[in-house]
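Chemist: Provided below: my_file-v3.cif, containing mmCIF, C-alpha atoms and all ligand atoms.
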data_query
loop_
_atom_site.group_PDB
_atom_site.id
_atom_site.type_symbol
_atom_site.label_atom_id
_atom_site.label_comp_id
_atom_site.auth_asym_id
_atom_site.auth_seq_id
_atom_site.Cartn_x
_atom_site.Cartn_y
_atom_site.Cartn_z
ATOM 1 C CA MET A 30 90.863 205.651 82.054
ATOM 2 C CA GLU A 31 92.184 204.643 78.661
ATOM 3 C CA SER A 32 90.877 201.106 79.222
ATOM 4 C CA ILE A 33 87.264 202.312 79.282
ATOM 5 C CA LYS A 34 85.391 201.062 76.252
ATOM 6 C CA THR A 35 84.374 204.118 74.250
ATOM 7 C CA GLU A 36 82.931 202.778 71.033
ATOM 8 C CA LYS A 37 79.720 204.681 71.653
ATOM 9 C CA VAL A 38 79.993 207.790 73.812
ATOM 10 C CA LEU A 39 77.343 210.228 74.968
ATOM 11 C CA LEU A 40 78.944 213.668 75.136
ATOM 12 C CA HIS A 41 77.288 216.326 77.259
ATOM 13 C CA ILE A 42 77.602 219.543 75.245
ATOM 14 C CA CYS A 43 77.319 222.983 76.801
ATOM 15 C CA CYS A 44 77.570 224.853 73.469
ATOM 16 C CA GLY A 45 78.692 224.453 69.864
ATOM 17 C CA PRO A 46 82.141 226.070 70.132
ATOM 18 C CA CYS A 47 83.051 223.908 73.146
ATOM 19 C CA ALA A 48 82.067 220.757 71.246
ATOM 20 C CA ILE A 49 84.632 221.174 68.441
ATOM 21 C CA THR A 50 87.739 219.833 70.164
ATOM 22 C CA PRO A 51 86.130 217.052 72.267
ATOM 23 C CA VAL A 52 84.263 215.634 69.270
ATOM 24 C CA GLN A 53 87.429 215.659 67.159
ATOM 25 C CA ALA A 54 89.435 214.004 69.932
ATOM 26 C CA LEU A 55 86.873 211.281 70.632
ATOM 27 C CA ARG A 56 86.355 210.552 66.962
ATOM 28 C CA ALA A 57 90.131 210.280 66.563
ATOM 29 C CA GLU A 58 89.976 207.488 69.162
ATOM 30 C CA GLY A 59 87.442 205.724 66.956
ATOM 31 C CA ALA A 60 84.389 206.538 69.068
ATOM 32 C CA LEU A 61 80.887 207.070 67.767
ATOM 33 C CA VAL A 62 79.946 210.350 69.459
ATOM 34 C CA VAL A 63 76.386 211.430 70.139
ATOM 35 C CA GLY A 64 75.815 214.840 71.722
ATOM 36 C CA PHE A 65 73.460 215.753 74.548
ATOM 37 C CA PHE A 66 72.498 219.405 74.980
ATOM 38 C CA TYR A 67 71.336 220.218 78.521
ATOM 39 C CA ARG A 68 69.107 223.291 78.768
ATOM 40 C CA HIS A 69 68.070 224.156 82.346
ATOM 41 C CA ASN A 70 71.178 226.139 83.330
ATOM 42 C CA ILE A 71 71.211 228.426 80.299
ATOM 43 C CA HIS A 72 69.323 231.678 80.807
ATOM 44 C CA PRO A 73 67.337 233.407 79.552
ATOM 45 C CA PHE A 74 65.299 231.198 77.243
ATOM 46 C CA THR A 75 66.258 233.086 74.095
ATOM 47 C CA GLU A 76 69.965 232.655 74.901
ATOM 48 C CA MET A 77 69.409 228.917 75.329
ATOM 49 C CA GLN A 78 67.649 228.807 71.953
ATOM 50 C CA ARG A 79 70.522 230.629 70.290
ATOM 51 C CA ARG A 80 73.113 228.231 71.713
ATOM 52 C CA ALA A 81 70.983 225.239 70.763
ATOM 53 C CA GLN A 82 70.654 226.484 67.187
ATOM 54 C CA THR A 83 74.408 227.098 66.930
ATOM 55 C CA LEU A 84 75.030 223.541 68.058
ATOM 56 C CA ALA A 85 72.378 222.122 65.721
ATOM 57 C CA ASP A 86 74.009 223.899 62.763
ATOM 58 C CA TYR A 87 77.470 222.647 63.716
ATOM 59 C CA ALA A 88 76.231 219.101 64.308
ATOM 60 C CA GLU A 89 74.688 219.053 60.869
ATOM 61 C CA ARG A 90 77.955 220.284 59.362
ATOM 62 C CA ILE A 91 79.976 217.480 60.950
ATOM 63 C CA GLY A 92 77.317 214.755 60.750
ATOM 64 C CA MET A 93 76.791 214.250 64.461
ATOM 65 C CA LYS A 94 73.531 213.270 66.113
ATOM 66 C CA VAL A 95 72.520 215.443 69.060
ATOM 67 C CA ILE A 96 69.822 214.782 71.639
ATOM 68 C CA PHE A 97 68.314 218.080 72.784
ATOM 69 C CA GLN A 98 66.913 217.975 76.279
ATOM 70 C CA GLU A 99 63.193 218.589 76.468
ATOM 71 C CA GLY A 100 61.572 221.095 78.808
ATOM 72 C CA TYR A 101 63.131 224.167 80.327
ATOM 73 C CA ASP A 102 63.269 224.002 84.112
ATOM 74 C CA LEU A 103 64.732 227.407 84.881
ATOM 75 C CA GLU A 104 62.614 227.605 88.021
ATOM 76 C CA GLY A 105 63.899 224.255 89.287
ATOM 77 C CA PHE A 106 67.509 225.294 88.634
ATOM 78 C CA ILE A 107 67.035 228.501 90.623
ATOM 79 C CA ARG A 108 65.343 226.628 93.481
ATOM 80 C CA ARG A 109 68.205 224.153 93.697
ATOM 81 C CA VAL A 110 70.928 226.791 93.962
ATOM 82 C CA VAL A 111 69.165 229.434 96.051
ATOM 83 C CA TYR A 112 70.964 230.237 99.323
ATOM 84 C CA ARG A 113 74.067 228.488 97.996
ATOM 85 C CA GLU A 114 74.775 230.724 95.036
ATOM 86 C CA THR A 115 78.506 230.795 95.709
ATOM 87 C CA ARG A 116 78.579 226.987 95.359
ATOM 88 C CA ARG A 117 76.148 226.799 92.496
ATOM 89 C CA CYS A 118 78.656 225.479 89.951
ATOM 90 C CA MET A 119 79.064 222.280 91.940
ATOM 91 C CA VAL A 120 75.285 221.773 91.893
ATOM 92 C CA CYS A 121 75.189 222.622 88.202
ATOM 93 C CA TYR A 122 78.000 220.210 87.244
ATOM 94 C CA HIS A 123 76.308 217.490 89.233
ATOM 95 C CA GLU A 124 72.937 217.995 87.568
ATOM 96 C CA ARG A 125 74.340 218.056 84.056
ATOM 97 C CA LEU A 126 76.568 215.031 84.533
ATOM 98 C CA ARG A 127 73.891 213.029 86.292
ATOM 99 C CA ALA A 128 71.356 213.707 83.527
ATOM 100 C CA THR A 129 73.946 212.685 80.936
ATOM 101 C CA ALA A 130 74.871 209.510 82.806
ATOM 102 C CA ARG A 131 71.246 208.481 83.192
ATOM 103 C CA LEU A 132 70.548 208.987 79.509
ATOM 104 C CA ALA A 133 73.726 207.159 78.530
ATOM 105 C CA ARG A 134 72.864 204.211 80.730
ATOM 106 C CA ALA A 135 69.250 204.042 79.530
ATOM 107 C CA SER A 136 70.354 204.277 75.884
ATOM 108 C CA ARG A 137 73.096 201.656 76.230
ATOM 109 C CA PHE A 138 76.122 203.838 75.555
ATOM 110 C CA ASP A 139 79.537 202.529 76.599
ATOM 111 C CA ALA A 140 80.444 205.699 78.472
ATOM 112 C CA PHE A 141 79.643 209.373 78.925
ATOM 113 C CA THR A 142 81.743 212.514 79.138
ATOM 114 C CA THR A 143 81.417 216.284 78.864
ATOM 115 C CA THR A 144 82.670 219.323 76.965
ATOM 116 C CA LEU A 145 83.186 220.956 80.371
ATOM 117 C CA LEU A 146 86.549 219.138 80.329
ATOM 118 C CA TYR A 147 87.541 221.322 77.386
ATOM 119 C CA SER A 148 87.342 224.660 79.185
ATOM 120 C CA LYS A 149 90.569 225.765 80.785
ATOM 121 C CA PHE A 150 88.563 228.078 83.036
ATOM 122 C CA GLN A 151 86.033 225.635 84.495
ATOM 123 C CA ARG A 152 86.863 223.637 87.632
ATOM 124 C CA HIS A 153 88.443 220.728 85.853
ATOM 125 C CA GLU A 154 89.310 218.484 88.797
ATOM 126 C CA LEU A 155 85.895 219.001 90.386
ATOM 127 C CA ILE A 156 84.219 218.035 87.114
ATOM 128 C CA ARG A 157 86.342 214.890 86.960
ATOM 129 C CA GLU A 158 85.513 214.010 90.550
ATOM 130 C CA ILE A 159 81.773 214.517 90.058
ATOM 131 C CA GLY A 160 81.757 212.683 86.725
ATOM 132 C CA GLU A 161 83.452 209.635 88.195
ATOM 133 C CA SER A 162 81.218 209.655 91.248
ATOM 134 C CA VAL A 163 78.043 209.982 89.187
ATOM 135 C CA GLY A 164 79.265 207.248 86.850
ATOM 136 C CA ARG A 165 79.711 204.850 89.776
ATOM 137 C CA GLU A 166 76.310 205.775 91.155
ATOM 138 C CA ILE A 167 74.428 205.329 87.876
ATOM 139 C CA GLY A 168 76.505 202.396 86.678
ATOM 140 C CA ILE A 169 78.162 203.716 83.532
ATOM 141 C CA PRO A 170 81.826 204.710 83.044
ATOM 142 C CA PHE A 171 82.809 208.365 82.926
ATOM 143 C CA ALA A 172 85.314 208.754 80.091
ATOM 144 C CA TYR A 173 87.631 211.324 81.630
ATOM 145 C CA ARG A 174 89.714 213.207 79.099
ATOM 146 C CA ASP A 175 91.680 216.425 79.360
ATOM 147 C CA PHE A 176 90.611 218.257 76.217
ATOM 148 C CA ARG A 177 92.227 221.541 77.274
ATOM 149 C CA SER A 178 95.291 221.174 75.075
ATOM 150 C CA GLY A 179 93.007 221.810 72.098
ATOM 151 C CA TRP A 180 91.581 224.989 73.596
ATOM 152 C CA GLN A 181 93.077 227.552 71.226
ATOM 153 C CA GLU A 182 92.478 225.460 68.147
ATOM 154 C CA GLY A 183 88.817 225.130 69.112
ATOM 155 C CA VAL A 184 88.498 228.874 69.621
ATOM 156 C CA GLU A 185 90.065 229.598 66.244
ATOM 157 C CA THR A 186 87.887 227.051 64.452
ATOM 158 C CA SER A 187 84.706 228.463 65.976
ATOM 159 C CA ARG A 188 85.714 231.961 64.878
ATOM 160 C CA ARG A 189 86.590 230.806 61.397
ATOM 161 C CA LEU A 190 83.188 229.137 61.063
ATOM 162 C CA GLY A 191 81.439 232.269 62.333
ATOM 163 C CA MET A 192 79.804 230.402 65.212
ATOM 164 C CA TYR A 193 77.997 232.305 67.942
ATOM 165 C CA ARG A 194 80.308 232.519 70.959
ATOM 166 C CA GLN A 195 78.392 233.354 74.091
ATOM 167 C CA PRO A 196 79.697 236.047 76.428
ATOM 168 C CA TYR A 197 78.867 234.301 79.730
ATOM 169 C CA CYS A 198 78.763 230.779 81.114
ATOM 170 C CA GLY A 199 75.025 230.144 81.201
ATOM 171 C CA CYS A 200 72.984 230.873 84.316
ATOM 172 C CA ILE A 201 71.512 234.247 85.119
ATOM 173 C CA TYR A 202 74.049 234.658 87.935
ATOM 174 C CA SER A 203 76.936 234.347 85.505
ATOM 175 C CA GLU A 204 75.284 236.886 83.226
ATOM 176 C CA LYS A 205 75.159 239.323 86.142
ATOM 177 C CA GLU A 206 78.807 238.662 87.001
ATOM 178 C CA ARG A 207 79.763 239.296 83.408
ATOM 179 C CA TYR A 208 77.981 242.634 83.084
ATOM 180 C CA ALA A 209 76.593 244.144 86.295
ATOM 181 C CA HIS A 210 79.886 244.766 88.014
ATOM 182 C CA GLU A 211 81.092 246.902 85.157
ATOM 183 C CA GLY A 212 78.817 249.588 86.632
ATOM 184 C CA ALA A 213 78.227 253.079 85.392
ATOM 185 C CA ALA A 214 81.947 253.744 85.173
ATOM 186 C CA GLY A 215 82.496 250.594 83.134
ATOM 187 C CA ARG A 216 85.017 249.273 85.642
ATOM 188 C CA ARG A 217 85.388 245.752 86.980
ATOM 189 C CA PRO A 218 85.708 245.494 90.778
ATOM 190 C CA ALA A 219 88.997 244.664 92.441
ATOM 191 C CA ALA A 220 89.841 240.985 92.746
ATOM 192 C CA GLU A 221 89.043 240.938 96.467
ATOM 193 C CA ASP A 222 85.495 242.044 95.678
ATOM 194 C CA ARG A 223 85.044 239.304 93.110
ATOM 195 C CA SER A 224 85.602 236.307 95.368
ATOM 196 C CA HIS A 225 81.960 235.299 94.942
ATOM 197 C CA VAL A 226 82.072 234.804 91.202
ATOM 198 C CA GLY A 227 81.312 231.501 89.534
ATOM 199 C CA ALA A 228 82.741 229.724 86.531
ATOM 200 C CA GLY A 229 80.898 232.035 84.198
ATOM 201 C CA ASP A 230 82.882 235.080 85.062
ATOM 202 C CA ARG A 231 86.223 233.343 84.801
ATOM 203 C CA ALA A 232 85.370 231.654 81.553
ATOM 204 C CA PHE A 233 84.008 234.524 79.567
ATOM 205 C CA ALA A 234 85.565 237.684 80.928
ATOM 206 C CA ASP A 235 87.934 238.185 78.044
HETATM 207 S S1 LIG B 301 78.359 229.806 86.193
HETATM 208 FE FE1 LIG B 301 78.131 228.159 84.656
HETATM 209 S S2 LIG B 301 78.776 226.263 85.723
HETATM 210 FE FE2 LIG B 301 78.339 227.821 87.290
HETATM 211 S S3 LIG B 301 76.179 227.521 87.844
HETATM 212 FE FE3 LIG B 301 76.212 229.078 86.252
HETATM 213 S S4 LIG B 301 75.924 227.915 84.338
HETATM 214 FE FE4 LIG B 301 76.516 226.451 85.912
#
Go ahead and express the file in the form of structure tokens.
Ligand code: SF4

Modeler:
Amino acid sequence: MESIKTEKVLLHICCGPCAITPVQALRAEGALVVGFFYRHNIHPFTEMQRRAQTLADYAERIGMKVIFQEGYDLEGFIRRVVYRETRRCMVCYHERLRATARLARASRFDAFTTTLLYSKFQRHELIREIGESVGREIGIPFAYRDFRSGWQEGVETSRRLGMYRQPYCGCIYSEKERYAHEGAAGRRPAAEDRSHVGAGDRAFAD
């Protein structure tokens, strides 16, 4: 992977706090990093706006250009995952990485990658697999990196800067997993009752 030319990289960004470490790491390699904020999987609309604004503020602070996806296809996202809710993260990763790869190819970037590789709670190997597959399909290299070693530093930086840190992954299902199971008694269900949960619950339960 290190041989992939990364002078100009399109970085899919899920949120401002998750962008801190990947942008630093890619810039340290000498890459020109442009961000791409994908919107359809972040619900509800006002939450998406809040995350977008947090990223816009951070991008301005560090002098990074960000392309904000247009439109807001919440309905399409729901249609694509309905009846396969337990496997929705795979669909979601695929959609986000494919959109990023297409944009990177059309805009003549050298490669694309994602801040999803920063989270130590997301399905890292699946993201790598999908990224590489999508890259082959679209015809642009996926710059795989393991950004997870900078996890804690990224968390601390985001807190120090007073950035908004969202309490759930993004989709409305992850919002339910984060809050609904607490119930009237405020208790989380036993692990065996939580086998259905997606990345959102694992990433933001603390
Ligand atoms: S939990 Fe996160 S990764 Fe999974 S489908 Fe929802 S937004 Fe996508």

Chemist: Can you work out the spacing between CA of Ser136 (chain A) and CA of Glu161 (chain A) in Å, to one decimal?

Modeler: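 These atoms are spaced 18.8 Å apart.
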
Chemist: Name the residues captured by the PyMOL selection byres (((chain A and resi 50-66) around 7) and not hetatm) when it is applied to the shown file; answer as a VMD selection string.

Modeler: chain A and resid 35 to 43 47 to 49 67 to 68 93 to 98 144 147 176 179 183

Chemist: Which one is closest to Ala172 (chain A): A:Ile201, A:Leu190, A:Val184, A:Leu126? Count all atoms listed in the file.

Modeler: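 Closest to Ala172 (chain A) of all the choices is A:Leu126.
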
Chemist: Let me know the residues the PyMOL selection byres (((chain A and resi 187) around 12) and not hetatm) catches in the file above, as a short mmCIF file (atom, residue, chain, number, x, y, z; two decimals) with C-alpha atoms, in the coordinates of the input.

Modeler:
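Writing the result to result-v9.cif gives the following:
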data_model
loop_
_atom_site.label_atom_id
_atom_site.label_comp_id
_atom_site.auth_asym_id
_atom_site.auth_seq_id
_atom_site.Cartn_x
_atom_site.Cartn_y
_atom_site.Cartn_z
CA CYS A 44 77.57 224.85 73.47
CA GLY A 45 78.69 224.45 69.86
CA PRO A 46 82.14 226.07 70.13
CA CYS A 47 83.05 223.91 73.15
CA ALA A 48 82.07 220.76 71.25
CA ILE A 49 84.63 221.17 68.44
CA THR A 50 87.74 219.83 70.16
CA THR A 83 74.41 227.10 66.93
CA LEU A 84 75.03 223.54 68.06
CA TYR A 87 77.47 222.65 63.72
CA TRP A 180 91.58 224.99 73.60
CA GLN A 181 93.08 227.55 71.23
CA GLU A 182 92.48 225.46 68.15
CA GLY A 183 88.82 225.13 69.11
CA VAL A 184 88.50 228.87 69.62
CA GLU A 185 90.06 229.60 66.24
CA THR A 186 87.89 227.05 64.45
CA ARG A 188 85.71 231.96 64.88
CA ARG A 189 86.59 230.81 61.40
CA LEU A 190 83.19 229.14 61.06
CA GLY A 191 81.44 232.27 62.33
CA MET A 192 79.80 230.40 65.21
CA TYR A 193 78.00 232.30 67.94
CA ARG A 194 80.31 232.52 70.96
CA GLN A 195 78.39 233.35 74.09
#

Chemist: Please determine an axis-aligned box that encloses all atoms of region 33-48 of chain A listed in the file, with 6 Å added on each side, and express its centre and edge lengths in Å to one decimal as lines of an AutoDock Vina configuration file.

Modeler:
center_x = 82.3
center_y = 213.6
center_z = 74.6
size_x = 22.0
size_y = 37.0
size_z = 21.4

Chemist: When the PyMOL selection byres (((chain A and resi 70) around 12) and not hetatm) is applied to the structure above, which residues does it catch, written out as a PyMOL selection string?

Modeler: chain A and resi 43-44+66-69+71-74+76-77+80+98+100-110+117-118+120-125+197-204+229

Chemist: So what do you get for CA of Ser148 (chain A) versus CA of Gly168 (chain A), distance-wise?

Modeler: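 Pair CA of Ser148 (chain A) / CA of Gly168 (chain A) returns 25.9 Å.
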
Chemist: To one decimal place, how far is CA of Phe141 (chain A) from CA of Ile169 (chain A) in Å?

Modeler: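 It comes out at 7.4 Å.
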
Chemist: Missing atoms in region 95-111 of chain A need filling: write out N, CA and C atoms for it as a tab-separated table (two decimals), keeping the file's coordinate frame.

Modeler:
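Now in out.tsv:
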chain	number	residue	atom	x	y	z
A	95	VAL	N	72.59	214.79	67.75
A	95	VAL	CA	72.52	215.44	69.06
A	95	VAL	C	71.13	215.23	69.64
A	96	ILE	N	71.09	214.88	70.90
A	96	ILE	CA	69.82	214.78	71.64
A	96	ILE	C	69.65	216.10	72.38
A	97	PHE	N	68.58	216.81	72.11
A	97	PHE	CA	68.31	218.08	72.78
A	97	PHE	C	67.34	217.81	73.93
A	98	GLN	N	67.76	218.18	75.11
A	98	GLN	CA	66.91	217.98	76.28
A	98	GLN	C	65.56	218.64	76.08
A	99	GLU	N	64.53	217.99	76.56
A	99	GLU	CA	63.19	218.59	76.47
A	99	GLU	C	62.90	219.38	77.73
A	100	GLY	N	61.94	220.29	77.66
A	100	GLY	CA	61.57	221.10	78.81
A	100	GLY	C	62.57	222.21	79.04
A	101	TYR	N	62.23	223.06	79.99
A	101	TYR	CA	63.13	224.17	80.33
A	101	TYR	C	62.87	224.55	81.78
A	102	ASP	N	63.55	223.86	82.69
A	102	ASP	CA	63.27	224.00	84.11
A	102	ASP	C	64.15	225.07	84.75
A	103	LEU	N	63.99	226.29	84.29
A	103	LEU	CA	64.73	227.41	84.88
A	103	LEU	C	64.36	227.56	86.36
A	104	GLU	N	63.07	227.42	86.64
A	104	GLU	CA	62.61	227.60	88.02
A	104	GLU	C	63.25	226.56	88.95
A	105	GLY	N	63.30	225.31	88.48
A	105	GLY	CA	63.90	224.26	89.29
A	105	GLY	C	65.38	224.52	89.53
A	106	PHE	N	66.08	224.99	88.49
A	106	PHE	CA	67.51	225.29	88.63
A	106	PHE	C	67.70	226.35	89.71
A	107	ILE	N	66.91	227.41	89.65
A	107	ILE	CA	67.04	228.50	90.62
A	107	ILE	C	66.74	227.98	92.03
A	108	ARG	N	65.69	227.16	92.16
A	108	ARG	CA	65.34	226.63	93.48
A	108	ARG	C	66.48	225.80	94.05
A	109	ARG	N	67.16	225.06	93.20
A	109	ARG	CA	68.20	224.15	93.70
A	109	ARG	C	69.48	224.89	94.11
A	110	VAL	N	69.69	226.09	93.59
A	110	VAL	CA	70.93	226.79	93.96
A	110	VAL	C	70.70	227.95	94.93
A	111	VAL	N	69.42	228.28	95.20
A	111	VAL	CA	69.17	229.43	96.05
A	111	VAL	C	69.73	229.20	97.45
